[in-house]
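These notes are about the structure you will find just below.
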Amino acid sequence: MNALMFFTLTIGDWIDKTFYGFDVWVYKIFGAMQNGFLTWVAKAFTALGDENFVIPVAVLGLVLCFFKKTRKYGLALVFAIMIGTLVTNIVVKPMVLRIRPYNTLQGTPIAEQYAKWYAGAGGFSESDYSFPSGHTTAAFEIAIAMFLCFRSRAKELKAAGEKTVMGKLAWIFPVIAICVMGSRIYLMVHYPTDVIGGLLVGTVAGICGYFIAKVLCKLFEKVSFLDKIDVERISKKGFNPKAVTVCLCVVLVGFFCLSFIPALSEGAGHEQLCAYSGAEYDNVAGDYDCLNAARVDDEKYYAFDGNDDGIPDEYCKIHWKALHGDETEDQE
């Protein structure tokens with residue numbers, strides 16, 4: 001058990017060291033691209049992977065499940081988001097424990113350059129661990145699920161002799177997901193390797209969501225009372241497809257605004273990235289305040305009274321190590 005715990009607590013460090021050169025190389029490319037317009041664009045795309053957008057989309061997916069014509073889309077969305085969220089936030093992030101770059105790059109050769117890029121992009125901070133990127137996972141789980149659904153529907157329509165642009169429209173989803181992926185690097189809140197991890201998890205989640213939806217839709221067709229679940233039946237004339245499409249677009253724009261508008265004013269707004277920074281750990285305020293708000297309180301990284309205020313504090317991994325030196329290895 002101790003060996004497993006030690007292994008999981010060092011994965012993030014191993015990724016940092018192994019892919020440092022690659023991550024820095026990509027950062028330099030994105031750092032050279034920075035300007036006011038692209039920062040605005042990056043904030044717009046990153047909003048599409050935020051929970052303020054993804055959660056409402058999941059709710060919309062549930063609603064679509066009650067319409068026979070859109071059931072596959074709804075089920076694919078719900079299961080893709082569910083699988084991606086569980087794998088990323090419940091399994092991988094707590095297992096890898098990779099600290100955000102605005103913490104771990106302090107004191108490295110690229111620290112000064114990175115600090116300028118980070119501040120230039122708005123100084124965003126997140127409240128969880130870094131690997132894999134949750135925004136990227138969310139973008140790809142939705143994109144791949146919808147891509148497969150649109151392509152499948154396009155084949156059905158072509159087989160029936162109908163003309164459709166759904167096959168071409170399907171490509172919009174992965175393109176948007178790639179832009180969301182790039183925005184997380186541009187804003188300097190994720191390592192490039194984090195978004196690659198998010199791409200892989202999101203893609204697998206999207207594929208799984210699609211095939212689960214496909215199986216469930218066949219099940220609905222075989223079970224009479226399930227097949228009759230269709231809100232559209234309440235209207236004798238049915239719903240106008242164009243009107244429904246317009247309504248869905250308006251709803252999605254509303255979800256986007258819900259996520260994007262707060263992002264415009266978001267940002268750290270100060271130069272000191274952590275209350276504990278550099279060689280000295282002098283916290284004048286008496287409270288631990290780290291922009292990487294994730295805490296660890298277990299046998300390895302236990303809470304301790306680092307401020308001598310009589311109250312044990314739970315520190316993020318990097319600061320626990322900095323304050324305790326090599327104590328982690330001594331406990332083995």
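Every chain in the structure tokens takes a letter, A first, then B, and so on in the order presented; its residues are numbered from 1, and the ligands are numbered from 1 following the presented order.
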For range 195-200 of chain A, list every protein, DNA or RNA residue within 9 Å, evaluated using only C-alpha atoms, and leave out those in the same chain fewer than 3 positions away; present the list as a short mmCIF file (atom, residue, chain, number, x, y, z; two decimals) with N, CA and C atoms, in the first residue's frame.
data_model
loop_
_atom_site.label_atom_id
_atom_site.label_comp_id
_atom_site.auth_asym_id
_atom_site.auth_seq_id
_atom_site.Cartn_x
_atom_site.Cartn_y
_atom_site.Cartn_z
N GLY A 84 -15.96 11.05 -19.04
CA GLY A 84 -14.80 11.94 -19.04
C GLY A 84 -14.58 12.61 -17.70
N THR A 88 -11.28 11.86 -15.37
CA THR A 88 -10.37 12.99 -15.16
C THR A 88 -10.33 13.45 -13.72
N PHE A 131 -3.01 17.65 -14.35
CA PHE A 131 -3.04 16.59 -15.36
C PHE A 131 -4.17 15.59 -15.10
N PRO A 132 -4.99 15.33 -16.14
CA PRO A 132 -5.03 15.96 -17.45
C PRO A 132 -5.88 17.23 -17.41
N SER A 133 -5.90 17.97 -18.50
CA SER A 133 -6.68 19.20 -18.58
C SER A 133 -8.17 18.88 -18.61
N GLY A 134 -8.91 19.35 -17.61
CA GLY A 134 -10.34 19.10 -17.55
C GLY A 134 -11.09 19.81 -18.67
N HIS A 135 -10.66 21.03 -19.01
CA HIS A 135 -11.30 21.77 -20.10
C HIS A 135 -11.13 21.03 -21.43
N THR A 136 -9.93 20.52 -21.66
CA THR A 136 -9.66 19.79 -22.90
C THR A 136 -10.45 18.50 -22.95
N THR A 137 -10.49 17.80 -21.81
CA THR A 137 -11.29 16.57 -21.74
C THR A 137 -12.74 16.86 -22.08
N ALA A 138 -13.29 17.90 -21.47
CA ALA A 138 -14.69 18.25 -21.69
C ALA A 138 -14.94 18.59 -23.16
N ALA A 139 -14.04 19.37 -23.74
CA ALA A 139 -14.21 19.78 -25.14
C ALA A 139 -14.20 18.58 -26.08
N PHE A 140 -13.28 17.64 -25.84
CA PHE A 140 -13.17 16.49 -26.75
C PHE A 140 -14.24 15.45 -26.50
N GLU A 141 -14.67 15.26 -25.26
CA GLU A 141 -15.72 14.28 -25.02
C GLU A 141 -17.01 14.70 -25.72
N ALA A 177 -12.79 21.82 -30.44
CA ALA A 177 -12.10 21.15 -29.32
C ALA A 177 -10.59 21.41 -29.37
N ILE A 178 -10.02 21.38 -30.57
CA ILE A 178 -8.58 21.66 -30.72
C ILE A 178 -8.28 23.09 -30.29
N MET A 181 -8.27 23.26 -26.59
CA MET A 181 -7.01 22.65 -26.16
C MET A 181 -5.87 23.66 -26.23
N GLY A 182 -5.79 24.38 -27.35
CA GLY A 182 -4.73 25.38 -27.51
C GLY A 182 -4.89 26.54 -26.55
N ARG A 184 -5.84 26.55 -23.51
CA ARG A 184 -5.36 26.24 -22.16
C ARG A 184 -3.84 26.42 -22.07
N ILE A 185 -3.15 26.15 -23.17
CA ILE A 185 -1.70 26.40 -23.20
C ILE A 185 -1.45 27.89 -23.32
N HIS A 190 -2.04 25.35 -18.11
CA HIS A 190 -1.78 23.92 -18.27
C HIS A 190 -0.48 23.72 -19.03
N TYR A 191 0.20 22.66 -18.71
CA TYR A 191 1.33 22.22 -19.51
C TYR A 191 0.79 21.63 -20.81
N PRO A 192 1.56 21.70 -21.89
CA PRO A 192 1.14 21.06 -23.14
C PRO A 192 0.84 19.58 -22.96
N THR A 203 -11.33 11.95 -25.95
CA THR A 203 -11.62 11.18 -27.17
C THR A 203 -12.20 9.81 -26.82
N VAL A 204 -11.57 9.14 -25.87
CA VAL A 204 -12.07 7.82 -25.44
C VAL A 204 -13.47 7.95 -24.84
N ALA A 205 -13.67 8.98 -24.02
CA ALA A 205 -14.98 9.20 -23.40
C ALA A 205 -16.05 9.47 -24.45
#
Check the smallest atom-to-atom distance from each of A:Thr193, A:Thr70, A:Ser259, A:Gln34 to Lys116 in chain A using only C-alpha atoms, then report the winner.
->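 Between A:Thr193, A:Thr70, A:Ser259, A:Gln34, the residue approaching Lys116 in chain A most closely is A:Gln34.
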Excluding same-chain residues fewer than 2 positions from range 207-213 of chain A, what lies within 7 Å of it counting only C-alpha atoms, as an MDAnalysis selection string?
-> chainID A and resid 72 75:77 79:80 144:145 148:149 203:205 215:217
Can I get the selected residues back with all heavy atoms, as a compact mmCIF listing (two decimals), in the first residue's frame?
# COMPACT_ATOMS: atom_id res chain seq x y z
N LYS A 72 -30.35 9.82 -29.44
CA LYS A 72 -28.96 9.37 -29.56
C LYS A 72 -27.98 10.48 -29.20
O LYS A 72 -27.00 10.26 -28.50
CB LYS A 72 -28.67 8.88 -30.98
CG LYS A 72 -27.24 8.33 -31.13
CD LYS A 72 -26.90 8.02 -32.58
CE LYS A 72 -27.58 6.76 -33.04
NZ LYS A 72 -27.15 6.37 -34.41
N LEU A 75 -28.15 11.00 -25.28
CA LEU A 75 -27.48 9.92 -24.55
C LEU A 75 -25.97 9.97 -24.74
O LEU A 75 -25.20 9.74 -23.79
CB LEU A 75 -28.03 8.57 -25.01
CG LEU A 75 -29.46 8.23 -24.59
CD1 LEU A 75 -29.95 6.98 -25.32
CD2 LEU A 75 -29.55 8.02 -23.08
N ALA A 76 -25.54 10.26 -25.96
CA ALA A 76 -24.11 10.35 -26.24
C ALA A 76 -23.47 11.46 -25.42
O ALA A 76 -22.38 11.29 -24.85
CB ALA A 76 -23.89 10.59 -27.74
N LEU A 77 -24.14 12.61 -25.35
CA LEU A 77 -23.62 13.73 -24.56
C LEU A 77 -23.53 13.37 -23.08
O LEU A 77 -22.49 13.57 -22.44
CB LEU A 77 -24.53 14.95 -24.72
CG LEU A 77 -24.31 15.84 -25.95
CD1 LEU A 77 -25.40 16.90 -26.01
CD2 LEU A 77 -22.94 16.49 -25.92
N PHE A 79 -23.48 10.43 -21.47
CA PHE A 79 -22.51 9.40 -21.09
C PHE A 79 -21.07 9.82 -21.37
O PHE A 79 -20.17 9.47 -20.60
CB PHE A 79 -22.83 8.09 -21.81
CG PHE A 79 -23.95 7.32 -21.16
CD1 PHE A 79 -25.23 7.40 -21.65
CD2 PHE A 79 -23.71 6.56 -20.03
CE1 PHE A 79 -26.27 6.71 -21.04
CE2 PHE A 79 -24.73 5.86 -19.40
CZ PHE A 79 -26.02 5.93 -19.91
N ALA A 80 -20.84 10.58 -22.44
CA ALA A 80 -19.49 11.06 -22.72
C ALA A 80 -19.01 11.99 -21.62
O ALA A 80 -17.88 11.86 -21.11
CB ALA A 80 -19.46 11.78 -24.07
N ILE A 144 -16.19 14.69 -29.86
CA ILE A 144 -16.12 13.37 -30.50
C ILE A 144 -17.48 12.69 -30.49
O ILE A 144 -17.87 12.06 -31.49
CB ILE A 144 -15.08 12.48 -29.79
CG1 ILE A 144 -13.68 13.11 -29.90
CG2 ILE A 144 -15.08 11.07 -30.38
CD1 ILE A 144 -13.22 13.36 -31.32
N ALA A 145 -18.22 12.82 -29.41
CA ALA A 145 -19.56 12.22 -29.34
C ALA A 145 -20.46 12.82 -30.42
O ALA A 145 -21.17 12.11 -31.14
CB ALA A 145 -20.17 12.44 -27.96
N LEU A 148 -19.35 11.84 -34.10
CA LEU A 148 -19.79 10.50 -34.48
C LEU A 148 -21.30 10.46 -34.73
O LEU A 148 -21.76 9.78 -35.66
CB LEU A 148 -19.40 9.50 -33.40
CG LEU A 148 -17.89 9.27 -33.23
CD1 LEU A 148 -17.61 8.37 -32.02
CD2 LEU A 148 -17.29 8.66 -34.49
N CYS A 149 -22.06 11.17 -33.91
CA CYS A 149 -23.51 11.22 -34.09
C CYS A 149 -23.88 11.88 -35.42
O CYS A 149 -24.74 11.39 -36.16
CB CYS A 149 -24.18 11.98 -32.94
SG CYS A 149 -24.29 11.06 -31.39
N THR A 203 -11.33 11.95 -25.95
CA THR A 203 -11.62 11.18 -27.17
C THR A 203 -12.20 9.81 -26.82
O THR A 203 -13.20 9.38 -27.40
CB THR A 203 -10.35 11.01 -28.02
OG1 THR A 203 -9.88 12.31 -28.43
CG2 THR A 203 -10.62 10.17 -29.25
N VAL A 204 -11.57 9.14 -25.87
CA VAL A 204 -12.07 7.82 -25.44
C VAL A 204 -13.47 7.95 -24.84
O VAL A 204 -14.36 7.14 -25.13
CB VAL A 204 -11.10 7.18 -24.43
CG1 VAL A 204 -11.71 5.92 -23.83
CG2 VAL A 204 -9.76 6.86 -25.08
N ALA A 205 -13.67 8.98 -24.02
CA ALA A 205 -14.98 9.20 -23.40
C ALA A 205 -16.05 9.47 -24.45
O ALA A 205 -17.18 8.97 -24.37
CB ALA A 205 -14.91 10.37 -22.41
N VAL A 215 -26.25 1.63 -28.45
CA VAL A 215 -26.81 0.40 -27.88
C VAL A 215 -28.14 0.69 -27.17
O VAL A 215 -29.13 -0.04 -27.33
CB VAL A 215 -25.81 -0.25 -26.90
CG1 VAL A 215 -26.48 -1.39 -26.13
CG2 VAL A 215 -24.58 -0.75 -27.63
N LEU A 216 -28.16 1.77 -26.40
CA LEU A 216 -29.37 2.12 -25.65
C LEU A 216 -30.52 2.50 -26.58
O LEU A 216 -31.69 2.19 -26.30
CB LEU A 216 -29.08 3.25 -24.68
CG LEU A 216 -28.22 2.89 -23.46
CD1 LEU A 216 -27.96 4.12 -22.60
CD2 LEU A 216 -28.88 1.80 -22.63
N CYS A 217 -30.21 3.17 -27.67
CA CYS A 217 -31.26 3.53 -28.63
C CYS A 217 -31.90 2.28 -29.25
O CYS A 217 -33.12 2.23 -29.47
CB CYS A 217 -30.69 4.42 -29.73
SG CYS A 217 -30.46 6.13 -29.22
Residues at most 9 Å from Leu252 in chain A, counting only C-alpha atoms, excluding those fewer than 3 positions away in the same chain, as number ranges by chain?
-> A: 53, 56-57, 247-249, 255-257
Nearest to Val253 in chain A by atom-to-atom distance, counting only C-alpha atoms, from A:Ile29, A:Ala44, A:Ile11, A:Val201 | A:Ala44
Between A:Thr164, A:Pro174, A:Met188, A:Gly74, smallest distance to Asn103 in chain A by only C-alpha atoms belongs to A:Met188
DSSP alpha helix (DSSP H) residues within range 37-269 of chain A, listed as a VMD selection string | chain A and resid 37 to 46 51 to 64 71 to 85 93 to 96 101 to 104 111 to 120 134 to 159 166 to 169 172 to 186 192 to 222 224 to 227 241 to 264
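Of the listed residues A:Ile176, A:Leu62, A:Leu219, A:Asp194, the one whose atoms come nearest to Val92 in chain A is A:Asp194, with distances taken using only C-alpha atoms.
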Residue contacts of Met33 in chain A (10 Å, only C-alpha atoms) excluding same-chain residues fewer than 5 positions away, as an NGL selection string = :A and (27-28 or 38-39 or 117 or 186)
Kindly save the residues from that selection, with C-alpha atoms included, as a compact mmCIF listing (two decimals), in the first residue's frame.
# COMPACT_ATOMS: atom_id res chain seq x y z
CA TYR A 27 5.28 27.41 -24.28
CA LYS A 28 7.83 29.49 -26.19
CA LEU A 38 -5.61 36.37 -29.34
CA THR A 39 -5.96 36.57 -25.55
CA TRP A 117 3.43 35.12 -20.52
CA TYR A 186 -2.02 30.00 -24.42
